$ cat protein.txt   # compact mmCIF, C-alpha atoms
# COMPACT_ATOMS: atom_id res chain seq x y z
CA MET L 1 0.00 0.00 0.00
CA ARG L 2 1.33 3.41 -0.93
CA ARG L 3 1.70 5.97 1.83
CA ALA L 4 0.84 9.65 1.67
CA VAL L 5 1.28 12.56 4.06
CA VAL L 6 -0.90 15.67 4.13
CA ILE L 7 0.58 18.85 5.60
CA THR L 8 -1.60 21.88 6.29
CA ALA L 9 0.23 25.21 6.43
CA SER L 10 -1.88 27.50 8.59
CA THR L 11 -0.64 29.54 11.51
CA ARG L 12 -4.16 30.00 12.86
CA ALA L 13 -5.15 26.33 12.56
CA ALA L 14 -1.84 25.31 14.16
CA ALA L 15 -2.61 27.69 17.06
CA GLY L 16 -6.13 26.25 17.49
CA VAL L 17 -7.91 29.43 16.38
CA TYR L 18 -9.96 27.28 14.00
CA ASP L 19 -10.02 23.72 12.76
CA ASP L 20 -8.12 22.59 9.71
CA ARG L 21 -10.75 22.04 7.03
CA SER L 22 -8.67 21.51 3.89
CA GLY L 23 -6.23 18.85 5.11
CA PRO L 24 -8.96 16.36 6.05
CA ILE L 25 -10.50 16.70 2.57
CA ALA L 26 -7.18 15.76 0.97
CA ALA L 27 -6.55 12.92 3.42
CA GLN L 28 -9.99 11.43 2.88
CA ALA L 29 -9.60 11.50 -0.90
CA LEU L 30 -6.21 9.78 -0.66
CA ARG L 31 -7.69 7.06 1.54
CA GLN L 32 -10.42 6.52 -1.04
CA TRP L 33 -7.68 6.09 -3.65
CA GLY L 34 -6.11 3.34 -1.53
CA PHE L 35 -3.31 5.25 0.19
CA HIS L 36 -2.41 4.82 3.83
CA VAL L 37 -2.73 8.33 5.29
CA ASP L 38 -2.50 9.44 8.90
CA GLU L 39 -4.29 12.56 10.08
CA PRO L 40 -3.00 15.76 8.46
CA VAL L 41 0.02 17.42 10.04
CA VAL L 42 -0.93 21.02 10.86
CA VAL L 43 1.93 23.50 11.13
CA ALA L 44 2.35 27.26 11.19
CA ASP L 45 3.34 29.04 8.00
CA GLY L 46 7.06 29.43 7.51
CA PRO L 47 9.97 27.20 8.50
CA ALA L 48 7.69 24.65 10.18
CA VAL L 49 6.37 23.76 6.72
CA GLY L 50 9.88 22.93 5.55
CA GLU L 51 10.50 20.85 8.68
CA ALA L 52 7.27 18.90 8.14
CA LEU L 53 8.12 18.37 4.46
CA ARG L 54 11.60 17.07 5.29
CA ALA L 55 10.14 14.69 7.87
CA ALA L 56 7.53 13.37 5.43
CA ILE L 57 10.07 12.89 2.63
CA SER L 58 12.61 11.19 4.90
CA SER L 59 9.90 8.88 6.24
CA GLY L 60 9.61 7.36 2.77
CA ALA L 61 6.17 8.72 1.88
CA ASP L 62 5.27 8.14 -1.76
CA LEU L 63 3.18 11.30 -1.97
CA VAL L 64 3.09 14.51 0.07
CA LEU L 65 0.30 17.02 -0.41
CA THR L 66 0.48 20.40 1.27
CA THR L 67 -2.50 22.70 1.67
CA GLY L 68 -2.18 26.41 2.26
CA GLY L 69 0.57 28.96 2.14
CA THR L 70 0.61 29.31 -1.65
CA GLY L 71 -0.94 32.76 -1.95
CA LEU L 72 0.47 36.26 -1.96
CA SER L 73 0.19 37.16 1.71
CA PRO L 74 3.47 38.02 3.45
CA THR L 75 3.27 34.82 5.52
CA ASP L 76 2.56 32.50 2.58
CA SER L 77 5.85 30.66 2.05
CA THR L 78 4.99 27.06 1.22
CA PRO L 79 6.58 27.26 -2.27
CA GLU L 80 9.75 28.74 -0.78
CA GLN L 81 9.86 25.92 1.79
CA THR L 82 9.20 23.31 -0.90
CA SER L 83 11.50 24.42 -3.70
CA PRO L 84 14.87 23.63 -2.08
CA LEU L 85 13.71 20.08 -1.33
CA LEU L 86 12.78 19.21 -4.91
CA ASP L 87 15.23 17.36 -7.13
CA ARG L 88 13.03 17.99 -10.18
CA GLN L 89 9.98 20.18 -10.65
CA VAL L 90 6.86 18.95 -12.44
CA PRO L 91 5.40 22.26 -13.66
CA GLY L 92 2.45 20.69 -15.47
CA ILE L 93 0.79 19.75 -12.19
CA PRO L 94 0.46 23.25 -10.69
CA GLU L 95 -0.38 24.62 -14.13
CA ALA L 96 -3.26 22.14 -14.34
CA LEU L 97 -4.38 22.94 -10.79
CA ARG L 98 -4.54 26.66 -11.53
CA ALA L 99 -6.33 26.04 -14.84
CA ALA L 100 -8.93 23.85 -13.13
CA GLY L 101 -9.64 26.56 -10.57
CA VAL L 102 -10.12 29.15 -13.29
CA ALA L 103 -12.32 26.74 -15.28
CA ASN L 104 -14.46 26.32 -12.16
CA GLY L 105 -15.02 30.07 -11.96
CA VAL L 106 -12.32 31.00 -9.44
CA ALA L 107 -10.33 33.73 -11.17
CA GLY L 108 -8.06 34.05 -8.12
CA ALA L 109 -6.72 30.54 -8.77
CA ILE L 110 -4.10 32.11 -11.02
CA LEU L 111 -2.58 33.73 -7.93
CA SER L 112 -1.57 30.38 -6.44
CA ARG L 113 2.19 29.98 -6.39
CA GLY L 114 2.08 26.26 -5.61
CA LEU L 115 4.79 23.94 -6.89
CA ALA L 116 5.02 20.23 -7.62
CA GLY L 117 8.03 18.04 -8.00
CA VAL L 118 10.02 15.00 -7.04
CA ALA L 119 12.10 14.86 -3.87
CA GLY L 120 14.03 11.61 -3.89
CA ARG L 121 11.27 9.07 -4.55
CA THR L 122 8.46 11.27 -3.22
CA LEU L 123 6.01 13.31 -5.26
CA VAL L 124 5.32 16.63 -3.51
CA VAL L 125 2.39 18.82 -4.56
CA ASN L 126 1.39 22.18 -3.06
CA LEU L 127 -2.37 22.70 -3.01
CA PRO L 128 -4.21 25.90 -2.14
CA GLY L 129 -5.59 26.19 1.37
CA SER L 130 -9.25 26.65 0.49
CA THR L 131 -11.58 23.67 0.65
CA GLY L 132 -12.77 24.36 -2.90
CA GLY L 133 -9.19 24.59 -4.14
CA VAL L 134 -8.37 21.25 -2.53
CA ARG L 135 -11.44 19.61 -4.06
CA ASP L 136 -10.53 20.98 -7.50
CA ALA L 137 -6.95 19.74 -7.05
CA ILE L 138 -8.11 16.27 -6.03
CA ASP L 139 -10.14 16.05 -9.24
CA VAL L 140 -7.06 17.02 -11.29
CA LEU L 141 -4.66 14.72 -9.47
CA HIS L 142 -6.78 11.59 -9.29
CA PRO L 143 -6.26 10.38 -12.88
CA VAL L 144 -2.49 11.01 -12.87
CA VAL L 145 -1.09 10.27 -9.41
CA GLU L 146 -0.66 6.51 -9.81
CA HIS L 147 1.07 6.95 -13.15
CA ALA L 148 3.35 9.64 -11.73
CA LEU L 149 4.31 7.45 -8.77
CA ASP L 150 4.95 4.50 -11.09
CA GLN L 151 7.24 6.71 -13.16
CA ILE L 152 9.12 7.96 -10.09
CA ALA L 153 9.67 4.34 -9.06
CA GLY L 154 11.22 3.60 -12.46
CA GLY L 155 8.16 2.20 -14.23
CA ASP L 156 7.68 2.40 -17.96
CA HIS L 157 5.22 4.67 -19.72
CA ARG L 158 1.71 3.32 -20.02
CA ARG L 159 0.80 1.88 -23.38
CA GLU L 160 -2.65 2.70 -24.72

$ encode --input "protein.txt" --output "structure tokens"
Amino acid sequence: MRRAVVITASTRAAAGVYDDRSGPIAAQALRQWGFHVDEPVVVADGPAVGEALRAAISSGADLVLTTGGTGLSPTDSTPEQTSPLLDRQVPGIPEALRAAGVANGVAGAILSRGLAGVAGRTLVVNLPGSTGGVRDAIDVLHPVVEHALDQIAGGDHRRE
């Protein structure tokens, strides 16, 4: 069984000001896809995101999804915490995530600075922090995640 980790970047949720709503949506979807997923890790924006990412990658997770911290606010730094950990970026994933948001009527989706890439043998994808953004992202990722993970593990391209 493949293993995934969900990390929510939210200073207020980490402080208990409100409950994390986006991480559980991602975790539930991954479970439905057959992944083993613990409860989302909720951390404050900033260096704690990088620490959580390093821990997830070093634990051998196949897939790490982050939610939050991809916008333009001064505290949004998930892409900056993610970028140094990636061996290779996969720009088509965040491009598709932004396009799906716009196609679903969310013009602000183009403001997401999320990244995706490979860190060792782990696929890392930054999702927006909104529940709608996570749902849109899940719809985009579902048909390609297994193939991406097969490729990262050295598998051949699918033959149609």

$ atom_distance --input "protein.txt" --atom1 "atom CA of Ser130 of chain L" --atom2 "atom CA of Ser112 of chain L"
11.0 Å

$ residues_around --input "protein.txt" --residues "Ile7 of chain L" --least-positions-apart "5" --cutoff "6 Å" --atoms "only C-alpha atoms" --output "PyMOL selection string"
chain L and resi 40-42+66

$ closest_residue --input "protein.txt" --among "L:Val49, L:Leu65, L:Leu127, L:Val118" --to "Ala153 of chain L" --atoms "only C-alpha atoms"
L:Val118

$ closest_residue --input "protein.txt" --among "L:Asp62, L:Gly120, L:Gly69, L:Ala103" --to "Leu86 of chain L" --atoms "all atoms listed in the file"
L:Gly120

$ residues_around --input "protein.txt" --residues "Val37 of chain L" --least-positions-apart "4" --cutoff "12 Å" --atoms "all atoms listed in the file" --output "list in words"
Met1, Arg2, Arg3, Ala4, Val5, Val6, Ile7, Gly23, Pro24, Ile25, Ala26, Ala27, Gln28, Ala29, Leu30, Arg31, Gln32, Trp33, Val41, Ala56, Ala61, Asp62, Leu63, Val64 and Leu65 of chain L

$ closest_residue --input "protein.txt" --among "L:Ala13, L:Ala119, L:Leu97, L:Ile152" --to "Val140 of chain L" --atoms "all atoms listed in the file"
L:Leu97

$ decode --input "protein.txt" --residues "segment 37-143 of chain L" --atoms "C-alpha atoms" --output "PDB file, in the first residue's frame"
ATOM      1  CA  VAL L  37      -2.732   8.328   5.292  1.00  0.00           C
ATOM      2  CA  ASP L  38      -2.500   9.439   8.897  1.00  0.00           C
ATOM      3  CA  GLU L  39      -4.288  12.559  10.083  1.00  0.00           C
ATOM      4  CA  PRO L  40      -2.997  15.756   8.464  1.00  0.00           C
ATOM      5  CA  VAL L  41       0.016  17.421  10.037  1.00  0.00           C
ATOM      6  CA  VAL L  42      -0.928  21.017  10.857  1.00  0.00           C
ATOM      7  CA  VAL L  43       1.925  23.498  11.133  1.00  0.00           C
ATOM      8  CA  ALA L  44       2.353  27.259  11.190  1.00  0.00           C
ATOM      9  CA  ASP L  45       3.336  29.042   8.002  1.00  0.00           C
ATOM     10  CA  GLY L  46       7.064  29.432   7.507  1.00  0.00           C
ATOM     11  CA  PRO L  47       9.974  27.198   8.496  1.00  0.00           C
ATOM     12  CA  ALA L  48       7.686  24.650  10.182  1.00  0.00           C
ATOM     13  CA  VAL L  49       6.366  23.757   6.718  1.00  0.00           C
ATOM     14  CA  GLY L  50       9.876  22.931   5.549  1.00  0.00           C
ATOM     15  CA  GLU L  51      10.499  20.851   8.677  1.00  0.00           C
ATOM     16  CA  ALA L  52       7.271  18.899   8.137  1.00  0.00           C
ATOM     17  CA  LEU L  53       8.123  18.368   4.461  1.00  0.00           C
ATOM     18  CA  ARG L  54      11.605  17.073   5.294  1.00  0.00           C
ATOM     19  CA  ALA L  55      10.143  14.689   7.872  1.00  0.00           C
ATOM     20  CA  ALA L  56       7.534  13.372   5.426  1.00  0.00           C
ATOM     21  CA  ILE L  57      10.067  12.886   2.634  1.00  0.00           C
ATOM     22  CA  SER L  58      12.615  11.193   4.901  1.00  0.00           C
ATOM     23  CA  SER L  59       9.897   8.884   6.241  1.00  0.00           C
ATOM     24  CA  GLY L  60       9.606   7.359   2.775  1.00  0.00           C
ATOM     25  CA  ALA L  61       6.165   8.720   1.875  1.00  0.00           C
ATOM     26  CA  ASP L  62       5.269   8.142  -1.760  1.00  0.00           C
ATOM     27  CA  LEU L  63       3.175  11.301  -1.971  1.00  0.00           C
ATOM     28  CA  VAL L  64       3.086  14.507   0.070  1.00  0.00           C
ATOM     29  CA  LEU L  65       0.302  17.023  -0.406  1.00  0.00           C
ATOM     30  CA  THR L  66       0.484  20.401   1.272  1.00  0.00           C
ATOM     31  CA  THR L  67      -2.498  22.698   1.670  1.00  0.00           C
ATOM     32  CA  GLY L  68      -2.178  26.407   2.262  1.00  0.00           C
ATOM     33  CA  GLY L  69       0.571  28.956   2.137  1.00  0.00           C
ATOM     34  CA  THR L  70       0.608  29.308  -1.650  1.00  0.00           C
ATOM     35  CA  GLY L  71      -0.942  32.756  -1.953  1.00  0.00           C
ATOM     36  CA  LEU L  72       0.466  36.260  -1.956  1.00  0.00           C
ATOM     37  CA  SER L  73       0.193  37.156   1.713  1.00  0.00           C
ATOM     38  CA  PRO L  74       3.474  38.015   3.451  1.00  0.00           C
ATOM     39  CA  THR L  75       3.273  34.823   5.520  1.00  0.00           C
ATOM     40  CA  ASP L  76       2.561  32.495   2.577  1.00  0.00           C
ATOM     41  CA  SER L  77       5.852  30.658   2.053  1.00  0.00           C
ATOM     42  CA  THR L  78       4.989  27.058   1.216  1.00  0.00           C
ATOM     43  CA  PRO L  79       6.576  27.260  -2.268  1.00  0.00           C
ATOM     44  CA  GLU L  80       9.753  28.736  -0.778  1.00  0.00           C
ATOM     45  CA  GLN L  81       9.861  25.924   1.790  1.00  0.00           C
ATOM     46  CA  THR L  82       9.196  23.309  -0.902  1.00  0.00           C
ATOM     47  CA  SER L  83      11.504  24.420  -3.699  1.00  0.00           C
ATOM     48  CA  PRO L  84      14.873  23.627  -2.079  1.00  0.00           C
ATOM     49  CA  LEU L  85      13.707  20.081  -1.326  1.00  0.00           C
ATOM     50  CA  LEU L  86      12.782  19.212  -4.909  1.00  0.00           C
ATOM     51  CA  ASP L  87      15.230  17.365  -7.133  1.00  0.00           C
ATOM     52  CA  ARG L  88      13.027  17.988 -10.177  1.00  0.00           C
ATOM     53  CA  GLN L  89       9.979  20.181 -10.650  1.00  0.00           C
ATOM     54  CA  VAL L  90       6.863  18.949 -12.442  1.00  0.00           C
ATOM     55  CA  PRO L  91       5.397  22.255 -13.663  1.00  0.00           C
ATOM     56  CA  GLY L  92       2.452  20.689 -15.470  1.00  0.00           C
ATOM     57  CA  ILE L  93       0.786  19.747 -12.190  1.00  0.00           C
ATOM     58  CA  PRO L  94       0.459  23.249 -10.686  1.00  0.00           C
ATOM     59  CA  GLU L  95      -0.384  24.620 -14.129  1.00  0.00           C
ATOM     60  CA  ALA L  96      -3.263  22.139 -14.345  1.00  0.00           C
ATOM     61  CA  LEU L  97      -4.375  22.944 -10.786  1.00  0.00           C
ATOM     62  CA  ARG L  98      -4.541  26.659 -11.533  1.00  0.00           C
ATOM     63  CA  ALA L  99      -6.332  26.042 -14.840  1.00  0.00           C
ATOM     64  CA  ALA L 100      -8.932  23.849 -13.126  1.00  0.00           C
ATOM     65  CA  GLY L 101      -9.643  26.561 -10.575  1.00  0.00           C
ATOM     66  CA  VAL L 102     -10.124  29.154 -13.287  1.00  0.00           C
ATOM     67  CA  ALA L 103     -12.317  26.736 -15.282  1.00  0.00           C
ATOM     68  CA  ASN L 104     -14.460  26.320 -12.155  1.00  0.00           C
ATOM     69  CA  GLY L 105     -15.019  30.070 -11.956  1.00  0.00           C
ATOM     70  CA  VAL L 106     -12.318  31.000  -9.437  1.00  0.00           C
ATOM     71  CA  ALA L 107     -10.329  33.731 -11.169  1.00  0.00           C
ATOM     72  CA  GLY L 108      -8.056  34.051  -8.122  1.00  0.00           C
ATOM     73  CA  ALA L 109      -6.724  30.545  -8.766  1.00  0.00           C
ATOM     74  CA  ILE L 110      -4.103  32.113 -11.023  1.00  0.00           C
ATOM     75  CA  LEU L 111      -2.583  33.731  -7.928  1.00  0.00           C
ATOM     76  CA  SER L 112      -1.567  30.384  -6.435  1.00  0.00           C
ATOM     77  CA  ARG L 113       2.192  29.985  -6.387  1.00  0.00           C
ATOM     78  CA  GLY L 114       2.083  26.264  -5.613  1.00  0.00           C
ATOM     79  CA  LEU L 115       4.793  23.941  -6.886  1.00  0.00           C
ATOM     80  CA  ALA L 116       5.018  20.234  -7.616  1.00  0.00           C
ATOM     81  CA  GLY L 117       8.032  18.037  -7.997  1.00  0.00           C
ATOM     82  CA  VAL L 118      10.021  14.998  -7.042  1.00  0.00           C
ATOM     83  CA  ALA L 119      12.103  14.865  -3.871  1.00  0.00           C
ATOM     84  CA  GLY L 120      14.033  11.607  -3.889  1.00  0.00           C
ATOM     85  CA  ARG L 121      11.275   9.070  -4.551  1.00  0.00           C
ATOM     86  CA  THR L 122       8.462  11.266  -3.217  1.00  0.00           C
ATOM     87  CA  LEU L 123       6.012  13.309  -5.263  1.00  0.00           C
ATOM     88  CA  VAL L 124       5.321  16.627  -3.514  1.00  0.00           C
ATOM     89  CA  VAL L 125       2.389  18.822  -4.562  1.00  0.00           C
ATOM     90  CA  ASN L 126       1.393  22.175  -3.056  1.00  0.00           C
ATOM     91  CA  LEU L 127      -2.372  22.704  -3.014  1.00  0.00           C
ATOM     92  CA  PRO L 128      -4.208  25.902  -2.139  1.00  0.00           C
ATOM     93  CA  GLY L 129      -5.594  26.188   1.369  1.00  0.00           C
ATOM     94  CA  SER L 130      -9.251  26.654   0.488  1.00  0.00           C
ATOM     95  CA  THR L 131     -11.585  23.675   0.652  1.00  0.00           C
ATOM     96  CA  GLY L 132     -12.766  24.361  -2.902  1.00  0.00           C
ATOM     97  CA  GLY L 133      -9.190  24.590  -4.135  1.00  0.00           C
ATOM     98  CA  VAL L 134      -8.368  21.253  -2.525  1.00  0.00           C
ATOM     99  CA  ARG L 135     -11.438  19.609  -4.064  1.00  0.00           C
ATOM    100  CA  ASP L 136     -10.529  20.980  -7.504  1.00  0.00           C
ATOM    101  CA  ALA L 137      -6.952  19.745  -7.050  1.00  0.00           C
ATOM    102  CA  ILE L 138      -8.108  16.274  -6.035  1.00  0.00           C
ATOM    103  CA  ASP L 139     -10.138  16.052  -9.243  1.00  0.00           C
ATOM    104  CA  VAL L 140      -7.065  17.024 -11.292  1.00  0.00           C
ATOM    105  CA  LEU L 141      -4.656  14.715  -9.466  1.00  0.00           C
ATOM    106  CA  HIS L 142      -6.784  11.586  -9.285  1.00  0.00           C
ATOM    107  CA  PRO L 143      -6.263  10.382 -12.882  1.00  0.00           C
TER     108      PRO L 143
END
